[in-house]
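Engineer: For reference, the structure I am asking about is given below.
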Amino acid sequence: MCGIVGFIDETINYDALDTVDKMGQVQESRGPDSFGVWSDGTLGVYFKHQRLSILDLSPAGHQPMLSVSARYVISFNGEVYNWKKIKFNLEQICGQINWKGHSDTEIILMAFEVYGIDIALELIEGMFAIALWDRQEEILYLIRDRIGEKPLCYGYFNGVFAFSSVLTSLKMHPKFEHKINREAIGQMLLHSCVPPPLSIFEGIYKLMPGTYLKLSYANYKNKVLPEPVRYWCLTDFLDNKYNGSIIDAQNELHMLLRKSVSDQIFADVSVGCFLSGGIDSSTVAAIMQEQSPIPVNTFSIGFHDPAYNEAHFAKSIAKHLGTRHTELYVTSKDVLNVIPQLFSIYDEPFSDPSQIPTYLVAKLAKQHVTVALSGDGGDELFAGYNRYLYSEKLYNKVSHIPYWLRKLIIHIPVEYLLPLNRFLKLPVKSLNDKLVKLYGLLEAKDFFSFYLNLTGNWLNYNEVVLGINGNSSLWERRILEFEKNPVLGMQYLDSLGYLPDDILVKVDRATMANSLESRMPLLNHNIIKFAFSLPMSYKVHQGCSKWLMRQILYQYVPKELVIRPKTGFDIPISNWIRHDLKDWAIALLDASKIKNQGYLNAELIQKKLDQHLSGTANNASCLWDVLMFQQWLESS
């Protein structure tokens with residue numbers, strides 16, 4: 001796991017080596033063990049690599065790395081888990097190879113040289129963001145892994161083309177312009193993150209998962225930004241249908257999970273596992289412990305508020321599995337201490353509240369290990385979110401009410417909606433939340449609007465972000481026709497949107513801020529392909545979500561330790577904004593301050609804050625979005 005950065009500038013009137021060095025230093029936590037610089041001063045091409053040593057801790061794994069023929073230069077962030085197989089096949093083709101070391105970087109660099117870009121990418125299993133310079137053809141390739149575990153941004157500014165693992169590095173370039181993208185603010189308020197290809201800065205883009213950018217030097221000089229090339233997409237195999245029985249599927253998934261965990265626990269440093277006590281992390285921990293001759297290190301975060309605490313479940317599972325378990329209970333004071341760091345941890349506004357416990361559990365794990373496995377991806381792949389259980393029936397009920405009648409209903413005083421809410425049986429925590437959600441769902445014209453009302457915050461973000469027109473989600477561009485299968489539609493949207501844009505960003509930034517590598521066995525692309533081939537009845541079976549994963553876990557852990565309602569990895573943010581974080585929130589959301597900044601509607605935000613502080617509405621999610629933007633804006 002590392003940090004990469006570089007740029008091309010044919011008209012340099014500054015110290016380019018010093019500049020690329022400073023750009024890399026910003027990412028030191030991503031790669032604290034060593035760094036390297038490569039440049040071609042004639043063309044104005046500069047790379048810097050910050051290394052977190054995981055495989056081959058010797059200087060033989062140093063980057064940027066040149067290929068055997070010296071044609072290619074690579075700066076590689078991530079891990080390739082099937083490097084042994086690729087190495088074997090290369091030796092079958094090329095004969096004896098004089099390897100300098102045993103890093104996966106050296107092996108995939110040889111694969112690019114022998115197979116070419118497209119074939120090599122088909123062979124590679126792993127998570128990665130890659131910058132590859134072809135010295136012979138004078139072409140820069142920027143490559144991102146299939147599902148988007150590792151970040152990569154790029155763009156032009158003042159004659160410079162630059163790329164980086166994080167946006168913060170680009171700000172260190174003397175020619176960079178800090179112009180905020182207002183549409184990105186709107187998307188962030190809607191989704192709690194900025195979906196690619198947008199970034200918070202105008203002219204800077206984030207590479208989409210499963211794509212690569214091919215930029216020739218001629219195109220650079222002409223300031224032509226080519227469209228990224230897609231080499232992998234979830235839609236490529238949505239038509240694949242699994243024909244085996246549910247028991248066959250369970251056995252095949254178990255085999256795939258064992259292989260993925262086995263591949264990912266290999267490292268030249270210590271490896272542990274995050275353990276929340278949920279189905280996915282418990283399954284990964286169980287399989288990991290099964291393959292380890294010694295107790296595995298597991299880590300969890302707890303809260304003193306019982307409504308949000310699952311640490312005791314994780315502790316019970318760890319005890320049963322025989323892991324070496326460490327837990328940390330989080331207080332509002334811990335949150336306050338982390339908040340000032342968020343702008344540097346997350347290089348653009350990001351407002352999933354679970355960012356804080358994720359950072360804290362990563363900090364805890366780093367005290368013991370350098371690599372930590374997690375169960376991320378299981379909810380999206382195997383229908384684990386609560387909305388997957390009720391969404392289809394709910395959507396069918398709502399969509400069968402004539403739209404004109406629904407428009408009338410939402411203007412009825414809320415107390416008269418209680419009978420309708422009992423009919424819809426909307427499972428949200430409080431009456432006010434129920435009514436807010438109910439209003440939005442009744443207003444949904446189609447499946448995607450229905451999905452946004454379940455998952456989004458500021459649905460009409462053009463009312464709060466000044467100077468923009470329109471009001472649409474970037475995720476909508478990724479949708480297929482799912483009116484007849486809402487659950488599959490939500491899985492698809494979550495896997496292409498919520499998972500890479502929110503969950504994986506959260507985990508990458510939180511772990512990398514602590515120089516900890518995170519690995520996600522469930523996101524092996526063979527498991528993803530398998531999961532989407534399964535009938536929905538294999539995922540939601542007999543009213544039980546994530547059925548296949550549960551059956552595998554029950555082979556390791558008694559049912560009574562894991563059968564309970566699902567909760568998210570959240571913090572009691574609503575109560576904290578009303579109490580412990582109240583002064584901080586009021587200061588950041590000061591109306592005169594917001595008016596002077598000129599980005600947001602101060603009156604609307606003040607109304608939301610007043611409602612929340614008075615207890616007449618729970619606006620915590622919407623307010624946290626704005627608070628995180630304000631915190632980032634003041635600190636950046």
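Ordered as shown in the structure tokens, chains take letters A, B, and onward, while each chain numbers its residues from 1 and ligands are numbered from 1 in the order shown.
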Using only C-alpha atoms, determine which residues lie at most 10 Å from Ala365 (chain A), disregarding the query and same-chain residues fewer than 5 positions distant; provide the list as a PDB file with all heavy atoms, in the first residue's frame.
Structural biologist:
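Okay, this is what ended up in selection-v1.pdb:
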ATOM      1  N   VAL A 271      -0.484  -9.324  10.103  1.00  0.00           N
ATOM      2  CA  VAL A 271      -1.815  -9.175   9.523  1.00  0.00           C
ATOM      3  C   VAL A 271      -2.865  -9.446  10.599  1.00  0.00           C
ATOM      4  O   VAL A 271      -2.751 -10.405  11.362  1.00  0.00           O
ATOM      5  CB  VAL A 271      -2.024 -10.145   8.342  1.00  0.00           C
ATOM      6  CG1 VAL A 271      -3.414  -9.952   7.722  1.00  0.00           C
ATOM      7  CG2 VAL A 271      -0.937  -9.944   7.284  1.00  0.00           C
ATOM      8  N   GLY A 272      -3.911  -8.593  10.660  1.00  0.00           N
ATOM      9  CA  GLY A 272      -5.018  -8.781  11.592  1.00  0.00           C
ATOM     10  C   GLY A 272      -6.345  -8.658  10.884  1.00  0.00           C
ATOM     11  O   GLY A 272      -6.429  -8.743   9.651  1.00  0.00           O
ATOM     12  N   CYS A 273      -7.418  -8.422  11.656  1.00  0.00           N
ATOM     13  CA  CYS A 273      -8.756  -8.377  11.073  1.00  0.00           C
ATOM     14  C   CYS A 273      -9.656  -7.453  11.894  1.00  0.00           C
ATOM     15  O   CYS A 273      -9.664  -7.522  13.127  1.00  0.00           O
ATOM     16  CB  CYS A 273      -9.355  -9.786  11.042  1.00  0.00           C
ATOM     17  SG  CYS A 273     -10.948  -9.915  10.215  1.00  0.00           S
ATOM     18  N   PHE A 274     -10.411  -6.586  11.202  1.00  0.00           N
ATOM     19  CA  PHE A 274     -11.455  -5.821  11.868  1.00  0.00           C
ATOM     20  C   PHE A 274     -12.617  -6.771  12.172  1.00  0.00           C
ATOM     21  O   PHE A 274     -13.007  -7.576  11.327  1.00  0.00           O
ATOM     22  CB  PHE A 274     -11.954  -4.685  10.976  1.00  0.00           C
ATOM     23  CG  PHE A 274     -10.913  -3.646  10.657  1.00  0.00           C
ATOM     24  CD1 PHE A 274     -10.727  -3.205   9.358  1.00  0.00           C
ATOM     25  CD2 PHE A 274     -10.132  -3.103  11.655  1.00  0.00           C
ATOM     26  CE1 PHE A 274      -9.777  -2.245   9.052  1.00  0.00           C
ATOM     27  CE2 PHE A 274      -9.164  -2.142  11.367  1.00  0.00           C
ATOM     28  CZ  PHE A 274      -8.996  -1.712  10.059  1.00  0.00           C
ATOM     29  N   ASN A 297      -5.073 -11.532  15.371  1.00  0.00           N
ATOM     30  CA  ASN A 297      -5.407 -10.273  16.029  1.00  0.00           C
ATOM     31  C   ASN A 297      -6.691  -9.704  15.438  1.00  0.00           C
ATOM     32  O   ASN A 297      -6.787  -9.488  14.227  1.00  0.00           O
ATOM     33  CB  ASN A 297      -4.274  -9.251  15.835  1.00  0.00           C
ATOM     34  CG  ASN A 297      -3.088  -9.534  16.724  1.00  0.00           C
ATOM     35  OD1 ASN A 297      -3.160  -9.405  17.939  1.00  0.00           O
ATOM     36  ND2 ASN A 297      -1.983  -9.936  16.112  1.00  0.00           N
ATOM     37  N   THR A 298      -7.710  -9.462  16.292  1.00  0.00           N
ATOM     38  CA  THR A 298      -8.950  -8.843  15.848  1.00  0.00           C
ATOM     39  C   THR A 298      -9.198  -7.559  16.642  1.00  0.00           C
ATOM     40  O   THR A 298      -8.761  -7.437  17.796  1.00  0.00           O
ATOM     41  CB  THR A 298     -10.145  -9.793  16.013  1.00  0.00           C
ATOM     42  OG1 THR A 298     -10.209 -10.259  17.368  1.00  0.00           O
ATOM     43  CG2 THR A 298     -10.024 -10.981  15.066  1.00  0.00           C
ATOM     44  N   PHE A 299      -9.943  -6.630  16.020  1.00  0.00           N
ATOM     45  CA  PHE A 299     -10.108  -5.296  16.602  1.00  0.00           C
ATOM     46  C   PHE A 299     -11.544  -4.813  16.417  1.00  0.00           C
ATOM     47  O   PHE A 299     -12.140  -5.010  15.357  1.00  0.00           O
ATOM     48  CB  PHE A 299      -9.152  -4.301  15.941  1.00  0.00           C
ATOM     49  CG  PHE A 299      -7.722  -4.771  15.893  1.00  0.00           C
ATOM     50  CD1 PHE A 299      -7.239  -5.432  14.772  1.00  0.00           C
ATOM     51  CD2 PHE A 299      -6.890  -4.593  16.978  1.00  0.00           C
ATOM     52  CE1 PHE A 299      -5.933  -5.900  14.724  1.00  0.00           C
ATOM     53  CE2 PHE A 299      -5.578  -5.051  16.946  1.00  0.00           C
ATOM     54  CZ  PHE A 299      -5.100  -5.710  15.819  1.00  0.00           C
ATOM     55  N   SER A 300     -12.080  -4.169  17.453  1.00  0.00           N
ATOM     56  CA  SER A 300     -13.433  -3.621  17.353  1.00  0.00           C
ATOM     57  C   SER A 300     -13.545  -2.330  18.151  1.00  0.00           C
ATOM     58  O   SER A 300     -12.743  -2.052  19.045  1.00  0.00           O
ATOM     59  CB  SER A 300     -14.478  -4.625  17.839  1.00  0.00           C
ATOM     60  OG  SER A 300     -14.341  -4.860  19.222  1.00  0.00           O
ATOM     61  N   THR A 326      -8.833  -7.090  20.694  1.00  0.00           N
ATOM     62  CA  THR A 326      -8.610  -5.783  21.316  1.00  0.00           C
ATOM     63  C   THR A 326      -9.783  -4.879  20.969  1.00  0.00           C
ATOM     64  O   THR A 326     -10.205  -4.812  19.813  1.00  0.00           O
ATOM     65  CB  THR A 326      -7.309  -5.137  20.804  1.00  0.00           C
ATOM     66  OG1 THR A 326      -6.219  -6.048  20.975  1.00  0.00           O
ATOM     67  CG2 THR A 326      -7.021  -3.852  21.545  1.00  0.00           C
ATOM     68  N   GLU A 327     -10.325  -4.190  21.971  1.00  0.00           N
ATOM     69  CA  GLU A 327     -11.458  -3.303  21.718  1.00  0.00           C
ATOM     70  C   GLU A 327     -11.206  -1.932  22.352  1.00  0.00           C
ATOM     71  O   GLU A 327     -10.422  -1.791  23.298  1.00  0.00           O
ATOM     72  CB  GLU A 327     -12.761  -3.898  22.245  1.00  0.00           C
ATOM     73  CG  GLU A 327     -12.787  -4.113  23.735  1.00  0.00           C
ATOM     74  CD  GLU A 327     -14.077  -4.764  24.223  1.00  0.00           C
ATOM     75  OE1 GLU A 327     -14.896  -5.180  23.386  1.00  0.00           O
ATOM     76  OE2 GLU A 327     -14.266  -4.850  25.449  1.00  0.00           O
ATOM     77  N   TYR A 359     -11.806   5.426  11.474  1.00  0.00           N
ATOM     78  CA  TYR A 359     -10.462   5.962  11.721  1.00  0.00           C
ATOM     79  C   TYR A 359      -9.920   5.460  13.066  1.00  0.00           C
ATOM     80  O   TYR A 359      -8.760   5.050  13.170  1.00  0.00           O
ATOM     81  CB  TYR A 359     -10.491   7.487  11.706  1.00  0.00           C
ATOM     82  CG  TYR A 359      -9.205   8.114  12.202  1.00  0.00           C
ATOM     83  CD1 TYR A 359      -8.099   8.212  11.374  1.00  0.00           C
ATOM     84  CD2 TYR A 359      -9.099   8.585  13.514  1.00  0.00           C
ATOM     85  CE1 TYR A 359      -6.910   8.764  11.837  1.00  0.00           C
ATOM     86  CE2 TYR A 359      -7.916   9.139  13.979  1.00  0.00           C
ATOM     87  CZ  TYR A 359      -6.820   9.223  13.135  1.00  0.00           C
ATOM     88  OH  TYR A 359      -5.649   9.761  13.598  1.00  0.00           O
ATOM     89  N   LEU A 360     -10.773   5.448  14.087  1.00  0.00           N
ATOM     90  CA  LEU A 360     -10.322   5.066  15.421  1.00  0.00           C
ATOM     91  C   LEU A 360      -9.979   3.582  15.502  1.00  0.00           C
ATOM     92  O   LEU A 360      -9.013   3.198  16.167  1.00  0.00           O
ATOM     93  CB  LEU A 360     -11.388   5.432  16.450  1.00  0.00           C
ATOM     94  CG  LEU A 360     -11.575   6.944  16.690  1.00  0.00           C
ATOM     95  CD1 LEU A 360     -12.786   7.209  17.555  1.00  0.00           C
ATOM     96  CD2 LEU A 360     -10.324   7.551  17.322  1.00  0.00           C
ATOM     97  N   THR A 370       0.183  -4.318  10.584  1.00  0.00           N
ATOM     98  CA  THR A 370       0.382  -3.402   9.451  1.00  0.00           C
ATOM     99  C   THR A 370      -0.666  -3.612   8.369  1.00  0.00           C
ATOM    100  O   THR A 370      -0.891  -2.754   7.524  1.00  0.00           O
ATOM    101  CB  THR A 370       1.788  -3.587   8.851  1.00  0.00           C
ATOM    102  OG1 THR A 370       2.749  -3.441   9.897  1.00  0.00           O
ATOM    103  CG2 THR A 370       2.084  -2.569   7.774  1.00  0.00           C
ATOM    104  N   VAL A 371      -1.327  -4.780   8.387  1.00  0.00           N
ATOM    105  CA  VAL A 371      -2.386  -5.111   7.432  1.00  0.00           C
ATOM    106  C   VAL A 371      -3.600  -5.587   8.213  1.00  0.00           C
ATOM    107  O   VAL A 371      -3.465  -6.350   9.175  1.00  0.00           O
ATOM    108  CB  VAL A 371      -1.939  -6.218   6.452  1.00  0.00           C
ATOM    109  CG1 VAL A 371      -3.096  -6.628   5.541  1.00  0.00           C
ATOM    110  CG2 VAL A 371      -0.747  -5.758   5.620  1.00  0.00           C
ATOM    111  N   ALA A 372      -4.799  -5.142   7.801  1.00  0.00           N
ATOM    112  CA  ALA A 372      -6.034  -5.583   8.449  1.00  0.00           C
ATOM    113  C   ALA A 372      -7.068  -5.956   7.399  1.00  0.00           C
ATOM    114  O   ALA A 372      -7.345  -5.171   6.487  1.00  0.00           O
ATOM    115  CB  ALA A 372      -6.592  -4.501   9.366  1.00  0.00           C
ATOM    116  N   THR A 511      -7.619   4.143   7.031  1.00  0.00           N
ATOM    117  CA  THR A 511      -6.489   3.236   7.268  1.00  0.00           C
ATOM    118  C   THR A 511      -5.177   3.877   6.839  1.00  0.00           C
ATOM    119  O   THR A 511      -4.172   3.780   7.544  1.00  0.00           O
ATOM    120  CB  THR A 511      -6.699   1.903   6.528  1.00  0.00           C
ATOM    121  OG1 THR A 511      -6.975   2.154   5.138  1.00  0.00           O
ATOM    122  CG2 THR A 511      -7.853   1.135   7.137  1.00  0.00           C
ATOM    123  N   ASN A 514      -3.399   6.136   9.070  1.00  0.00           N
ATOM    124  CA  ASN A 514      -2.680   5.437  10.142  1.00  0.00           C
ATOM    125  C   ASN A 514      -1.590   4.516   9.612  1.00  0.00           C
ATOM    126  O   ASN A 514      -1.060   3.685  10.355  1.00  0.00           O
ATOM    127  CB  ASN A 514      -3.681   4.627  10.967  1.00  0.00           C
ATOM    128  CG  ASN A 514      -4.599   5.496  11.798  1.00  0.00           C
ATOM    129  OD1 ASN A 514      -4.178   6.093  12.781  1.00  0.00           O
ATOM    130  ND2 ASN A 514      -5.867   5.590  11.398  1.00  0.00           N
ATOM    131  N   LEU A 516      -1.852   2.010   7.715  1.00  0.00           N
ATOM    132  CA  LEU A 516      -2.353   0.643   7.828  1.00  0.00           C
ATOM    133  C   LEU A 516      -2.957   0.230   6.498  1.00  0.00           C
ATOM    134  O   LEU A 516      -3.741   0.975   5.913  1.00  0.00           O
ATOM    135  CB  LEU A 516      -3.420   0.567   8.926  1.00  0.00           C
ATOM    136  CG  LEU A 516      -4.109  -0.781   9.138  1.00  0.00           C
ATOM    137  CD1 LEU A 516      -3.175  -1.741   9.881  1.00  0.00           C
ATOM    138  CD2 LEU A 516      -5.415  -0.598   9.924  1.00  0.00           C
TER     139      LEU A 516
END
Engineer: Excluding Ser53 (chain A) and residues on its chain fewer than 6 positions from it, collect all residues at most 12 Å away from it, counting only C-alpha atoms, and give them as a ChimeraX atom specification.
Structural biologist: /A:1-3,30-35,59-63,76-79,103-105,267-270,370-371,515-517
Engineer: Can you tell me, as a list in words, which residues in region 114-199 of chain A count as strand (DSSP E) by DSSP?
Structural biologist: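 Answer for region 114-199 of chain A restricted to strand (DSSP E) is Gly126, Met127, Phe128, Ala129, Ile130, Ala131, Leu132, Trp133, Asp134, Ile139, Leu140, Tyr141, Leu142, Ile143, Arg144, Cys153, Tyr154, Gly155, Tyr156, Phe157, Val160, Phe161, Ala162, Phe163 and Ser164 of chain A.
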Engineer: Give me, as a list in words, all polymer residues having an atom no more than 10 Å from Ser39 (chain A), counting only C-alpha atoms and skipping those fewer than 2 positions away in the same chain.
Structural biologist: Gly6, Phe7, Ile8, Ala16, Leu17, Val20, Val37, Gly41, Thr42, Leu43, Gly44, Val45, Tyr46, Phe47, Lys48, Pro64 and Val73 of chain A
Engineer: Would you write out those residues with N, CA and C atoms, as a tab-separated table (two decimals), in the first residue's frame?
Structural biologist:
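Result saved to result-v9.tsv:
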chain	number	residue	atom	x	y	z
A	6	GLY	N	2.39	12.45	-9.53
A	6	GLY	CA	3.27	12.83	-10.64
A	6	GLY	C	2.62	13.89	-11.51
A	7	PHE	N	3.40	14.40	-12.45
A	7	PHE	CA	2.85	15.39	-13.37
A	7	PHE	C	3.69	15.44	-14.64
A	8	ILE	N	3.10	16.04	-15.67
A	8	ILE	CA	3.78	16.35	-16.93
A	8	ILE	C	3.66	17.85	-17.15
A	16	ALA	N	11.13	21.59	-10.37
A	16	ALA	CA	10.19	20.49	-10.56
A	16	ALA	C	10.44	19.34	-9.58
A	17	LEU	N	11.70	19.02	-9.34
A	17	LEU	CA	12.01	17.92	-8.41
A	17	LEU	C	11.57	18.27	-6.99
A	20	VAL	N	7.61	17.93	-6.98
A	20	VAL	CA	7.07	16.58	-6.90
A	20	VAL	C	7.41	15.95	-5.54
A	37	VAL	N	11.88	8.94	-6.47
A	37	VAL	CA	11.51	9.89	-7.52
A	37	VAL	C	12.13	9.42	-8.83
A	41	GLY	N	13.47	14.84	-17.46
A	41	GLY	CA	13.46	16.29	-17.53
A	41	GLY	C	13.26	16.84	-18.93
A	42	THR	N	13.66	16.06	-19.94
A	42	THR	CA	13.51	16.51	-21.33
A	42	THR	C	12.04	16.69	-21.68
A	43	LEU	N	11.22	15.75	-21.26
A	43	LEU	CA	9.79	15.81	-21.55
A	43	LEU	C	8.98	16.47	-20.43
A	44	GLY	N	9.61	16.66	-19.29
A	44	GLY	CA	8.90	17.25	-18.16
A	44	GLY	C	7.99	16.27	-17.45
A	45	VAL	N	8.41	14.98	-17.36
A	45	VAL	CA	7.62	13.94	-16.71
A	45	VAL	C	8.25	13.62	-15.35
A	46	TYR	N	7.43	13.67	-14.30
A	46	TYR	CA	7.94	13.47	-12.93
A	46	TYR	C	7.01	12.53	-12.16
A	47	PHE	N	7.61	11.51	-11.53
A	47	PHE	CA	6.89	10.57	-10.67
A	47	PHE	C	7.49	10.63	-9.27
A	48	LYS	N	6.63	10.47	-8.25
A	48	LYS	CA	7.13	10.20	-6.90
A	48	LYS	C	6.28	9.11	-6.26
A	64	PRO	N	9.61	4.58	-7.76
A	64	PRO	CA	9.22	4.05	-9.06
A	64	PRO	C	10.22	3.01	-9.57
A	73	VAL	N	8.05	2.59	-16.74
A	73	VAL	CA	8.27	3.05	-15.37
A	73	VAL	C	6.93	2.96	-14.66
Engineer: Out of A:Ile147, A:Ala531, A:Leu189, A:Leu90, which residue has the shortest atom-to-atom distance to Cys233 (chain A) when counting only C-alpha atoms?
Structural biologist: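 Counting only C-alpha atoms, the residue closest to Cys233 (chain A) is A:Ile147.
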Engineer: Quick check for you: according to DSSP on this backbone, which residues of region 312-520 of chain A are classed as alpha helix (DSSP H)? Reply as a ChimeraX atom specification.
Structural biologist: /A:312-321,332-338,342-345,355-366,378-382,386-399,403-409,418-424,431-443,447-455,486-493,504-512
Engineer: I need the residue nearest Leu215 (chain A) from this list: A:Leu140, A:Val229, A:Ala383, A:Ile287. Use only C-alpha atoms for the distance.
Structural biologist: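 Nearest to Leu215 (chain A): A:Leu140.
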Engineer: Would you please work out which residue, of A:Lys333, A:Leu474, A:Leu57, A:Arg324, is nearest to Gly101 (chain A) when using only C-alpha atoms?
Structural biologist: A:Leu57
Engineer: Go through A:Gln289, A:Asn13, A:Asn240, A:Ser276 and flag the residue nearest Pro174 (chain A), using only C-alpha atoms for the distances.
Structural biologist: A:Asn13
